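K.L.:
I have a structure here, written as structure tokens, and I will follow up with some questions on it.
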Number of protein chains: 2
Amino acid sequence: MSIKVYLNEDEIPRQWYNLAADLPSPPLPPLGPDGKPVSPQALAAVFPMPILEQEMSPNRWIDIPDEIIQIMYRWRPSPLRRAVYLEKALGTPAKIFYKDESVSPAGSHKPNSAVPQAWYNKQFGTKTLTTETGAGQWGSALAFACSLLGLTCKVFMVRISFDQKPFRKTMMQTWGATCVASPSTETAAGRSFLAKDPSTPGSLGIAISEAVEAAVSDPTGSTKYALGSVLNHVLLHQTIIGLEAKKQLAKIGINNPDVVIGCAGGGSNFGGIAFPFVSEKINGAKIDIIPVEPASCPSMTRGKFAYDFGDSAGMTPLLAMHTLGHNFLPSPIHAGGLRYHGMAPLVSQAVVEGLVTPRAVAQLECYRAALQWARTEGFIVAPETSHAIAVTIQEALKAKEEGKEKVILMNLSGHGLMDLLGYQKYLAGELSDYVLPQKEIETAEAELAAFPQAPIHKSGKW
Amino acid sequence: MSIKVYLNEDEIPRQWYNLAADLPSPPLPPLGPDGKPVSPQALAAVFPMPILEQEMSPNRWIDIPDEIIQIMYRWRPSPLRRAVYLEKALGTPAKIFYKDESVSPAGSHKPNSAVPQAWYNKQFGTKTLTTETGAGQWGSALAFACSLLGLTCKVFMVRISFDQKPFRKTMMQTWGATCVASPSTETAAGRSFLAKDPSTPGSLGIAISEAVEAAVSDPTGSTKYALGSVLNHVLLHQTIIGLEAKKQLAKIGINNPDVVIGCAGGGSNFGGIAFPFVSEKINGAKIDIIPVEPASCPSMTRGKFAYDFGDSAGMTPLLAMHTLGHNFLPSPIHAGGLRYHGMAPLVSQAVVEGLVTPRAVAQLECYRAALQWARTEGFIVAPETSHAIAVTIQEALKAKEEGKEKVILMNLSGHGLMDLLGYQKYLAGELSDYVLPQKEIETAEAELAAFPQAPIHKSGKW
């Protein structure tokens with residue numbers, strides 16, 4: 001029995017995969033305040049040009065610079081593991097494989113994009129990067145990447161996570177970054193949200209507004225902003241996960257899995273493992289591909305596919321995506337990384353095209369799944385990851401009912417060692433499920449009607 | 001450049017190595033209250049017979065049951081990595097390899113003994129295991145192992161660590177264990193220490209007393225005690241680290257390293273990586289083997305080699321070891337796993353034989369080293385591990401001065417993600433070094449004079 005599949009360092013993929021090149025309908029462009037597609041130049045105050053080129057690239061494959069690969073040797077290639085102990089506990093004929101992205105120094109998949117973003121910024125002359133973070137995974141990852149590349153890093157951390165996870169800040173400081181709770185008094189956006197509600201738990205949308213403002217208001221122009229999810233270039237960088245997984249499955253004689261599962265907050269973890277398989281599906285393979293979101297923040301399963309701001313203050317271009325409205329304030333569940341009102345445009349478009357099928361899961365089922373995982377596989381996972389595990393268990397039990405030897409591939413996005421407060425509350429019986437009232441959905445839809453509408457898709461789906 | 005060396009699962013060593021078989025002088029036996037060597041039967045209330053047989057075994061090699069190996073597939077074989085980024089930062093010609101034991105579910109090397117101990121106990125009919133934990137690494141590991149094997153687990157955690165690291169308790173609970181601060185009111189030993197000093201920070205010695213008492217006072221006899229370090233069988237189990245490292249170095253053409261380094265609190269992490277190389281040294285290889293201890297708890301560099309109790313209440317047999325006296329209360333440094341008054345008898349005897357050469361390092365140098373590690377290699381290590389890193393840096397700089405391409409092998413005993421309070425205080429400038437006053441050493445020596453004396457060694461060293 002071999003339950004781990006490794007790749008050698010020289011087997012790391014040398015190119016990222018860009019799903020935008022293969023989607024049946026071309027991606028809908030981000031729109032500016034005038035309702036017209038934004039040019040790269042219009043975003044040049046926010047992102048460096050090499051990143052903007054990737055963001056808008058129509059090319060299927062984009063080379064990974066050698067230097068980036070050498071930095072990522074610290075944890076890549078990541079192992080593909082088989083969850084034999086969970087399989088046994090479930091009595092399922094399914095084979096459950098998981099890509100273990102918790103092995104990076106920051107403990108999640110996030111450095112896969114933090115390192116390229118920091119590297120391209122460094123090449124471009126950027127001195128300081130600002131960013132937002134929810135659970136802290138992305139902020140830690142960017143702090144780590146900036147530390148290696150000699151950049152200054154400033155992180156705006158969603159207040160509720162900042163309070164729940166004080167040691168995330170220490171982790172970022174260990175890598176030399178500074179971290180403040182968001183909304184903060186350091187930006188006009190932050191002060192405005194604090195004025196509205198001094199005790200707001202914050203949100204990713206608000207923190208993005210602050211980080212973007214902090215970047216563009218540096219008069220020297222040497223401060224840029226880095227986003228941890230949502231945008232095309234971030235999902236592009238994360239495809240290294242799925243590309244490695246394909247090679248690893250091939251090593252043990254598996255062409256394609258039957259089911260691919262990843263949790264989805266902004267979409268980078270899901271897109272990272274799924275897009276290379278979405279490509280296979282476009283080319284005819286039969287694969288169930290499932291992005292999993294929290295029932296309390298159900299952008300894909302209950303939100304609208306529409307043009308909306310990426311942040312809460314309306315500083316970003318309008319993105320065509322599944323959204324609960326940029327004014328949506330997610331309930332304070334413990335999966336902080338999934339508390340985002342929108343969804344990556346590329347993931348959203350794959351949903352509309354019917355290439356991936358989202359599923360929402362409530363918090364308590366996720367913690368039950370995480371506990372079963374810890375007591376079989378052994379590892380304590382992040383609350384975000386627990387969403388993927390919950391659906392993995394659902395699918396493994398379905399395979400058992402059907403008597404099918406399905407191959408399930410899951411993305412283990414990160415460990416939960418910085419998120420034990422959630423486990424503590426779950427074990428003490430203090431957590432509950434939250435179902436989003438339909439009224440909030442309707443409010444969001446009414447607000448979204450004011451924006452330019454996404455065009456009708458040839459399939460009639462938009 | 002390849003910076004990771006993996007083994008396949010079928011290359012995991014199938015036998016543990018017992019240094020007791022090869023020491024130039026036979027190990028000195030533990031003594032009972034009457035001053036005579038204790039029999040296995042005298043300890044049968046504490047440990048199950050298979051563990052006692054290993055503890056007293058004269059055999060060089062002891063088979064590892066297949067079932068134990070299959071449980072350990074979750075994280076073993078662990079990777080051997082090369083610290084190329086640190087090497088470059090130091091400008092050293094030395095090649096620094098480290099065995100990464102942080103990859104286990106519990107985050108340290110401790111499960112290497114927790115799993116075998118839980119497994120043998122399960123075979124023997126034990127229902128409940130009690131134990132102590134300092135920093136929480138061992139308690140977490142035993143909780144994890146008991147969870148997999150269906151045993152109940154009760155952990156007494158040293159008060160200062162319990163307070164500093166509340167989430168260690170959650171981690172143990174996630175694996176189904178219970179954890180109380182020690183000294184507790186649950187045992188006579190605990191109550192007695194609390195009566196003496198209600199605000200005592202506790203110590204490993206006190207927690208051991210409580211856990212042993214809790215085990216032996218179960219009238220059904222189905223509760224046993226498990227120790228995370230010090231004893232022969234624990235160090236035996238940990239030799240899987242060094243045995244794997246030997247195979248991994250051989251894969252890249254290295255016969256023996258020039259220097260082997262591990263931190264040493266009770267000795268299991270150091271013994272685990274070092275003993276297979278101590279064996280090589282006994283057979284003529286030239287290797288510098290360095291156990292590293294805190295300057296504030298210097299059992300090997302300033303303590304006496306003498307018979308002393310393993311715990312603070314005097315419930316254990318007398319062990320021949322380096323000790324600061326069982327009444328010694330270590331200063332509350334952040335490397336909780338190194339706060340122990342004694343040292344494993346096998347390590348102690350290797351010190352006396354001149355096979356290994358201990359070195360003490362102060363806290364601030366260790367945190368400086370850990371920060372340099374985090375900002376080069378990327379990973380945040382445990383405060384215990386930082387002691388090994390500090391000496392690794394010392395040795396790498398020495399190799400630079402000497403212009404020698406030495407091969408240094410270090411044991412990375414665990415990650416520091418549960419220990420960020422120490423980093424926080426270090427970064428805030430709140431930590432200081434503590435040098436143990438000579439008077440405390442003299443007090444301990446006077447107390448130890450009352451015990452049976454260790455015999456004079458043929459070398460004249462004892």
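Just so we're on the same page: first chain in the structure tokens is A, next is B, and so on; residues restart at 1 for each chain, and ligands are numbered from 1 in the order they show up.
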Could you please tell me, as JSON, numbers by chain, which residues of chain A have an atom within 8 Å of chain B when using only C-alpha atoms?

P.N.:
{"A": [2, 3, 9, 73, 74, 103, 105, 106, 144, 147, 148, 167, 170, 171, 173, 174, 175, 371, 374, 375, 376, 377, 378, 379, 380, 417, 418, 420, 421, 423, 424, 427]}

K.L.:
Give the alpha helix (DSSP H) residues of segment 111-324 of chain B, as assigned by DSSP on the backbone, as a ChimeraX atom specification.

P.N.:
/B:111-124,137-149,159-164,166-174,188-196,204-216,232-251,268-282,299-302

K.L.:
Within 12 Å of Pro29 of chain A, counting only C-alpha atoms, which residues show up once you throw out same-chain ones fewer than 3 positions away? Write them as a VMD selection string, please.

P.N.:
chain A and resid 20 25 to 26 32 35 to 40 55 to 58 231 to 232 307 317 to 321 345 to 346 349 452 454 to 455

K.L.:
Can you write out the residues you just picked, keeping C-alpha atoms, as a JSON list (two decimals), in the first residue's frame?

P.N.:
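Written output follows (out.json):
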```json
[["chain", "number", "residue", "atom", "x", "y", "z"],
["A", 20, "ALA", "CA", -9.79, 31.86, -20.08],
["A", 25, "SER", "CA", -17.65, 31.76, -24.26],
["A", 26, "PRO", "CA", -14.86, 34.30, -23.83],
["A", 32, "GLY", "CA", -14.80, 50.79, -15.53],
["A", 35, "GLY", "CA", -19.43, 50.99, -18.14],
["A", 36, "LYS", "CA", -16.69, 50.29, -20.70],
["A", 37, "PRO", "CA", -14.03, 47.54, -20.43],
["A", 38, "VAL", "CA", -11.07, 48.75, -18.40],
["A", 39, "SER", "CA", -7.66, 48.91, -20.02],
["A", 40, "PRO", "CA", -4.52, 47.57, -18.36],
["A", 55, "GLU", "CA", -4.76, 39.03, -15.90],
["A", 56, "MET", "CA", -5.87, 39.79, -19.44],
["A", 57, "SER", "CA", -3.89, 37.16, -21.32],
["A", 58, "PRO", "CA", -5.71, 35.07, -23.93],
["A", 231, "LEU", "CA", -8.78, 37.58, -10.25],
["A", 232, "ASN", "CA", -7.65, 35.60, -13.28],
["A", 307, "TYR", "CA", -21.60, 42.83, -12.73],
["A", 317, "PRO", "CA", -13.75, 47.70, -11.57],
["A", 318, "LEU", "CA", -17.05, 45.88, -11.99],
["A", 319, "LEU", "CA", -16.53, 42.14, -12.35],
["A", 320, "ALA", "CA", -18.96, 39.70, -13.97],
["A", 321, "MET", "CA", -19.38, 37.12, -11.25],
["A", 345, "PRO", "CA", -15.22, 35.52, -12.65],
["A", 346, "LEU", "CA", -13.58, 32.45, -14.19],
["A", 349, "GLN", "CA", -18.42, 31.61, -15.79],
["A", 452, "PRO", "CA", -24.52, 47.28, -16.39],
["A", 454, "ALA", "CA", -23.93, 40.83, -18.01],
["A", 455, "PRO", "CA", -24.80, 39.96, -21.62]]
```

K.L.:
Find the residues near Gln248 of chain B: any atom within 12 Å, counting only C-alpha atoms, skip ones fewer than 5 places away on the same chain, and give them as a PDB file with N, CA and C atoms, in the first residue's frame.

P.N.:
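In the end it all went to result03.pdb:
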```pdb
ATOM      1  N   ILE B   3      16.495  19.741  -3.390  1.00  0.00           N
ATOM      2  CA  ILE B   3      16.690  20.080  -1.978  1.00  0.00           C
ATOM      3  C   ILE B   3      15.871  19.195  -1.044  1.00  0.00           C
ATOM      4  N   LYS B   4      15.160  18.202  -1.622  1.00  0.00           N
ATOM      5  CA  LYS B   4      14.400  17.282  -0.770  1.00  0.00           C
ATOM      6  C   LYS B   4      14.771  15.856  -1.165  1.00  0.00           C
ATOM      7  N   VAL B   5      14.965  15.007  -0.182  1.00  0.00           N
ATOM      8  CA  VAL B   5      15.211  13.600  -0.461  1.00  0.00           C
ATOM      9  C   VAL B   5      14.101  12.791   0.197  1.00  0.00           C
ATOM     10  N   TYR B   6      13.334  12.101  -0.624  1.00  0.00           N
ATOM     11  CA  TYR B   6      12.234  11.292  -0.103  1.00  0.00           C
ATOM     12  C   TYR B   6      12.622   9.815  -0.091  1.00  0.00           C
ATOM     13  N   LEU B   7      11.999   9.064   0.779  1.00  0.00           N
ATOM     14  CA  LEU B   7      12.042   7.605   0.718  1.00  0.00           C
ATOM     15  C   LEU B   7      10.655   7.117   0.331  1.00  0.00           C
ATOM     16  N   ASN B   8      10.587   5.975  -0.308  1.00  0.00           N
ATOM     17  CA  ASN B   8       9.291   5.337  -0.529  1.00  0.00           C
ATOM     18  C   ASN B   8       8.823   4.696   0.766  1.00  0.00           C
ATOM     19  N   GLU B  11      10.587   1.760   2.028  1.00  0.00           N
ATOM     20  CA  GLU B  11      11.959   1.948   2.510  1.00  0.00           C
ATOM     21  C   GLU B  11      12.006   2.367   3.981  1.00  0.00           C
ATOM     22  N   ILE B  12      10.851   2.473   4.614  1.00  0.00           N
ATOM     23  CA  ILE B  12      10.839   2.770   6.052  1.00  0.00           C
ATOM     24  C   ILE B  12      11.587   1.653   6.776  1.00  0.00           C
ATOM     25  N   PRO B  13      12.477   2.015   7.693  1.00  0.00           N
ATOM     26  CA  PRO B  13      13.197   0.975   8.455  1.00  0.00           C
ATOM     27  C   PRO B  13      12.209   0.024   9.137  1.00  0.00           C
ATOM     28  N   PRO B  77       7.774   7.885   5.495  1.00  0.00           N
ATOM     29  CA  PRO B  77       9.055   8.468   5.898  1.00  0.00           C
ATOM     30  C   PRO B  77       8.972   9.985   5.831  1.00  0.00           C
ATOM     31  N   SER B  78       9.666  10.658   6.734  1.00  0.00           N
ATOM     32  CA  SER B  78       9.657  12.128   6.692  1.00  0.00           C
ATOM     33  C   SER B  78      10.744  12.596   5.727  1.00  0.00           C
ATOM     34  N   PRO B  79      10.547  13.786   5.144  1.00  0.00           N
ATOM     35  CA  PRO B  79      11.543  14.258   4.176  1.00  0.00           C
ATOM     36  C   PRO B  79      12.868  14.651   4.825  1.00  0.00           C
ATOM     37  N   LEU B  80      13.937  14.437   4.090  1.00  0.00           N
ATOM     38  CA  LEU B  80      15.224  15.054   4.421  1.00  0.00           C
ATOM     39  C   LEU B  80      15.349  16.244   3.474  1.00  0.00           C
ATOM     40  N   ARG B  81      15.584  17.409   4.019  1.00  0.00           N
ATOM     41  CA  ARG B  81      15.674  18.606   3.180  1.00  0.00           C
ATOM     42  C   ARG B  81      17.053  19.233   3.327  1.00  0.00           C
ATOM     43  N   ARG B  82      17.442  19.955   2.324  1.00  0.00           N
ATOM     44  CA  ARG B  82      18.690  20.707   2.432  1.00  0.00           C
ATOM     45  C   ARG B  82      18.359  22.187   2.573  1.00  0.00           C
ATOM     46  N   PHE B  97      21.742  19.691   6.025  1.00  0.00           N
ATOM     47  CA  PHE B  97      20.546  18.872   5.805  1.00  0.00           C
ATOM     48  C   PHE B  97      19.732  18.841   7.088  1.00  0.00           C
ATOM     49  N   TYR B  98      18.414  18.806   6.922  1.00  0.00           N
ATOM     50  CA  TYR B  98      17.613  18.639   8.131  1.00  0.00           C
ATOM     51  C   TYR B  98      16.499  17.643   7.899  1.00  0.00           C
ATOM     52  N   LYS B  99      16.268  16.856   8.930  1.00  0.00           N
ATOM     53  CA  LYS B  99      15.198  15.875   8.899  1.00  0.00           C
ATOM     54  C   LYS B  99      13.961  16.605   9.404  1.00  0.00           C
ATOM     55  N   ILE B 241      14.077   8.065  13.045  1.00  0.00           N
ATOM     56  CA  ILE B 241      14.481   9.332  12.399  1.00  0.00           C
ATOM     57  C   ILE B 241      15.896   9.210  11.825  1.00  0.00           C
ATOM     58  N   GLY B 242      16.827   8.813  12.680  1.00  0.00           N
ATOM     59  CA  GLY B 242      18.219   8.720  12.241  1.00  0.00           C
ATOM     60  C   GLY B 242      18.420   7.620  11.212  1.00  0.00           C
ATOM     61  N   LEU B 243      17.675   6.520  11.375  1.00  0.00           N
ATOM     62  CA  LEU B 243      17.805   5.407  10.423  1.00  0.00           C
ATOM     63  C   LEU B 243      17.303   5.823   9.038  1.00  0.00           C
ATOM     64  N   GLY B 253      24.642   9.863  -1.919  1.00  0.00           N
ATOM     65  CA  GLY B 253      26.077   9.593  -1.928  1.00  0.00           C
ATOM     66  C   GLY B 253      26.837  10.038  -0.694  1.00  0.00           C
ATOM     67  N   ILE B 254      26.128  10.308   0.390  1.00  0.00           N
ATOM     68  CA  ILE B 254      26.824  10.704   1.622  1.00  0.00           C
ATOM     69  C   ILE B 254      26.809   9.542   2.608  1.00  0.00           C
ATOM     70  N   ASN B 255      27.998   9.123   3.009  1.00  0.00           N
ATOM     71  CA  ASN B 255      28.104   7.988   3.914  1.00  0.00           C
ATOM     72  C   ASN B 255      27.711   8.397   5.324  1.00  0.00           C
ATOM     73  N   ASN B 256      28.456   9.323   5.896  1.00  0.00           N
ATOM     74  CA  ASN B 256      28.126   9.853   7.218  1.00  0.00           C
ATOM     75  C   ASN B 256      28.248  11.370   7.185  1.00  0.00           C
ATOM     76  N   PRO B 257      27.406  12.080   7.943  1.00  0.00           N
ATOM     77  CA  PRO B 257      27.615  13.529   8.056  1.00  0.00           C
ATOM     78  C   PRO B 257      28.841  13.799   8.920  1.00  0.00           C
ATOM     79  N   LEU B 409      24.005  17.594   9.713  1.00  0.00           N
ATOM     80  CA  LEU B 409      22.657  17.004   9.752  1.00  0.00           C
ATOM     81  C   LEU B 409      21.966  17.468  11.029  1.00  0.00           C
TER      82      LEU B 409
END
```

K.L.:
Separation of atom CA of Glu87 of chain B and atom CA of Asp100 of chain B, in Å?

P.N.:
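Interatomic distance here is 16.8 Å.
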
K.L.:
Measure the distance from atom CA of Ser222 of chain A to atom CA of Ile240 of chain A in Å and round it to one decimal.

P.N.:
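Atom CA of Ile240 of chain A lies 28.8 Å from atom CA of Ser222 of chain A.
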
K.L.:
With only C-alpha atoms as the counted atoms, please give the residues lying no more than 12 Å from Phe124 of chain A, apart from itself and same-chain residues fewer than 4 positions off, as a list in words.

P.N.:
Ala44, Phe47, Pro48, Met49, Pro50, Ile51, Leu52, Gln117, Ala118, Trp119, Tyr120, Thr128, Leu151, Gly221, Ser222, Thr223 and Lys224 of chain A

K.L.:
Just want the 10 Å neighbourhood of segment 327-332 of chain B, counted on only C-alpha atoms, with same-chain residues fewer than 2 positions away dropped. Output as a short mmCIF file (atom, residue, chain, number, x, y, z; two decimals) with N, CA, C and O atoms, in the first residue's frame.

P.N.:
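Contents of the output file result-v7.cif:
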```cif
data_model
loop_
_atom_site.label_atom_id
_atom_site.label_comp_id
_atom_site.auth_asym_id
_atom_site.auth_seq_id
_atom_site.Cartn_x
_atom_site.Cartn_y
_atom_site.Cartn_z
N ILE B 160 2.50 26.54 33.08
CA ILE B 160 2.94 27.73 32.32
C ILE B 160 2.66 27.56 30.83
O ILE B 160 2.22 28.49 30.14
N SER B 161 2.86 26.35 30.32
CA SER B 161 2.57 26.10 28.90
C SER B 161 1.06 26.08 28.66
O SER B 161 0.58 26.55 27.63
N THR B 200 2.63 28.22 41.31
CA THR B 200 3.77 27.57 40.66
C THR B 200 3.53 27.45 39.15
O THR B 200 2.42 27.14 38.72
N PRO B 201 4.59 27.70 38.33
CA PRO B 201 4.43 27.50 36.88
C PRO B 201 4.38 26.02 36.50
O PRO B 201 4.08 25.69 35.37
N GLY B 202 4.67 25.15 37.49
CA GLY B 202 4.72 23.72 37.19
C GLY B 202 6.02 23.34 36.52
O GLY B 202 6.85 24.19 36.22
N SER B 203 6.18 22.04 36.31
CA SER B 203 7.38 21.54 35.63
C SER B 203 7.05 20.16 35.08
O SER B 203 6.08 19.52 35.49
N LEU B 204 7.89 19.70 34.16
CA LEU B 204 7.68 18.35 33.64
C LEU B 204 7.77 17.33 34.77
O LEU B 204 7.01 16.36 34.80
N GLY B 205 8.69 17.57 35.71
CA GLY B 205 8.85 16.62 36.82
C GLY B 205 7.58 16.49 37.63
O GLY B 205 7.18 15.39 38.02
N ILE B 206 6.90 17.60 37.89
CA ILE B 206 5.65 17.58 38.65
C ILE B 206 4.55 16.87 37.84
O ILE B 206 3.80 16.03 38.36
N SER B 296 19.55 27.97 30.38
CA SER B 296 18.81 28.14 31.62
C SER B 296 18.45 26.80 32.28
O SER B 296 17.97 26.77 33.40
N CYS B 297 18.66 25.70 31.56
CA CYS B 297 18.32 24.38 32.10
C CYS B 297 19.39 23.38 31.65
O CYS B 297 19.12 22.43 30.93
N PRO B 298 20.64 23.63 32.12
CA PRO B 298 21.81 22.97 31.54
C PRO B 298 22.18 21.64 32.20
O PRO B 298 23.24 21.52 32.81
N PHE B 309 15.78 10.95 40.85
CA PHE B 309 14.42 10.63 40.42
C PHE B 309 14.12 11.25 39.06
O PHE B 309 14.58 12.35 38.75
N ASP B 311 11.08 12.15 38.30
CA ASP B 311 9.99 13.12 38.52
C ASP B 311 10.29 13.95 39.75
O ASP B 311 11.29 13.73 40.43
N SER B 312 9.41 14.88 40.05
CA SER B 312 9.67 15.79 41.16
C SER B 312 9.21 15.25 42.51
O SER B 312 9.76 15.61 43.54
N ALA B 313 8.19 14.36 42.49
CA ALA B 313 7.67 13.85 43.76
C ALA B 313 8.42 12.60 44.22
O ALA B 313 8.16 12.10 45.30
N GLY B 314 9.33 12.10 43.41
CA GLY B 314 10.09 10.91 43.80
C GLY B 314 9.31 9.62 43.67
O GLY B 314 9.48 8.69 44.46
N THR B 323 21.72 15.47 35.76
CA THR B 323 20.55 16.07 36.42
C THR B 323 20.92 17.34 37.16
O THR B 323 22.06 17.51 37.61
N LEU B 324 19.94 18.20 37.25
CA LEU B 324 20.06 19.41 38.05
C LEU B 324 19.35 19.22 39.39
O LEU B 324 19.16 20.17 40.15
N GLY B 325 18.98 17.96 39.68
CA GLY B 325 18.26 17.65 40.91
C GLY B 325 16.77 17.70 40.66
O GLY B 325 16.27 18.60 39.98
N HIS B 334 10.55 29.82 26.86
CA HIS B 334 9.48 29.41 25.95
C HIS B 334 9.67 28.03 25.33
O HIS B 334 8.74 27.50 24.74
N ALA B 335 10.85 27.47 25.46
CA ALA B 335 11.06 26.12 24.95
C ALA B 335 10.63 25.12 26.02
O ALA B 335 11.44 24.47 26.66
N GLY B 336 9.29 25.02 26.22
CA GLY B 336 8.74 24.21 27.30
C GLY B 336 9.20 22.77 27.27
O GLY B 336 9.34 22.13 28.31
N LEU B 338 12.02 21.67 26.72
CA LEU B 338 13.40 21.50 27.20
C LEU B 338 13.51 21.81 28.69
O LEU B 338 14.60 21.83 29.24
N ARG B 339 12.38 22.07 29.33
CA ARG B 339 12.39 22.43 30.76
C ARG B 339 12.32 21.18 31.62
O ARG B 339 11.32 20.91 32.26
N TYR B 340 13.37 20.39 31.65
CA TYR B 340 13.38 19.14 32.42
C TYR B 340 14.69 19.06 33.20
O TYR B 340 15.76 19.36 32.66
N HIS B 341 14.58 18.61 34.44
CA HIS B 341 15.78 18.64 35.30
C HIS B 341 16.83 17.60 34.91
O HIS B 341 17.99 17.75 35.23
N GLY B 342 16.38 16.53 34.24
CA GLY B 342 17.31 15.45 33.94
C GLY B 342 17.59 15.29 32.47
O GLY B 342 17.28 16.18 31.66
N TYR B 434 18.53 33.99 30.67
CA TYR B 434 18.60 33.66 32.09
C TYR B 434 19.77 32.71 32.29
O TYR B 434 19.83 31.65 31.63
N VAL B 435 20.70 33.09 33.11
CA VAL B 435 21.81 32.18 33.40
C VAL B 435 21.62 31.61 34.80
O VAL B 435 21.41 32.35 35.77
N LEU B 436 21.66 30.31 34.86
CA LEU B 436 21.40 29.62 36.12
C LEU B 436 22.52 29.94 37.12
O LEU B 436 23.69 29.70 36.85
N GLU B 440 22.49 27.29 42.67
CA GLU B 440 21.45 26.27 42.46
C GLU B 440 22.06 24.92 42.11
O GLU B 440 21.57 23.87 42.49
N ILE B 441 23.15 24.96 41.35
CA ILE B 441 23.86 23.73 40.99
C ILE B 441 24.41 23.08 42.26
O ILE B 441 24.30 21.86 42.46
N THR B 443 23.37 23.41 45.35
CA THR B 443 22.27 22.87 46.17
C THR B 443 21.87 21.49 45.65
O THR B 443 21.69 20.54 46.41
N ALA B 444 21.73 21.39 44.31
CA ALA B 444 21.32 20.12 43.72
C ALA B 444 22.35 19.04 44.02
O ALA B 444 22.01 17.91 44.40
N GLU B 447 22.01 17.68 47.46
CA GLU B 447 20.86 16.79 47.59
C GLU B 447 21.14 15.41 46.98
O GLU B 447 20.74 14.37 47.51
#
```

K.L.:
Tell me which protein, DNA and RNA residues are within 6 Å of Phe156 of chain A, counting only C-alpha atoms, leaving out same-chain ones fewer than 4 positions away, and put them as a list in words.

P.N.:
Glu132, Cys179, Val180, Ala181, Ser182 and Ala207 of chain A

K.L.:
Using DSSP on the backbone coordinates, identify all residues within segment 296-431 of chain B classified as strand (DSSP E or B); present the result as a list in words.

P.N.:
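Taking segment 296-431 of chain B and keeping strand (DSSP E or B) gives Lys304, Phe305, Ala306, Tyr307, Asp308, Phe309, Leu318, Leu319, Ala320, Met321, His322, Thr323, Arg359, Ala360, Val361, Val381, Val407, Ile408, Leu409, Met410, Asn411, Leu412, Gly414 and His415 of chain B.
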
K.L.:
When distances are computed from only C-alpha atoms, which of B:Lys304, B:His322, B:Lys127, B:Lys398 shows the smallest separation from Ala449 of chain B?

P.N.:
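Closest to Ala449 of chain B, using only C-alpha atoms: B:Lys304.
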
K.L.:
Could you check the closest approach to Leu397 of chain A for each of A:Ala214, A:Ala21, A:Ile333, A:Ala89 and tell me which residue wins, using only C-alpha atoms?

P.N.:
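Nearest to Leu397 of chain A: A:Ala89.
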
K.L.:
Distance atom CA of Pro294 of chain A-atom CA of Arg191 of chain A, one decimal place?

P.N.:
29.0 Å
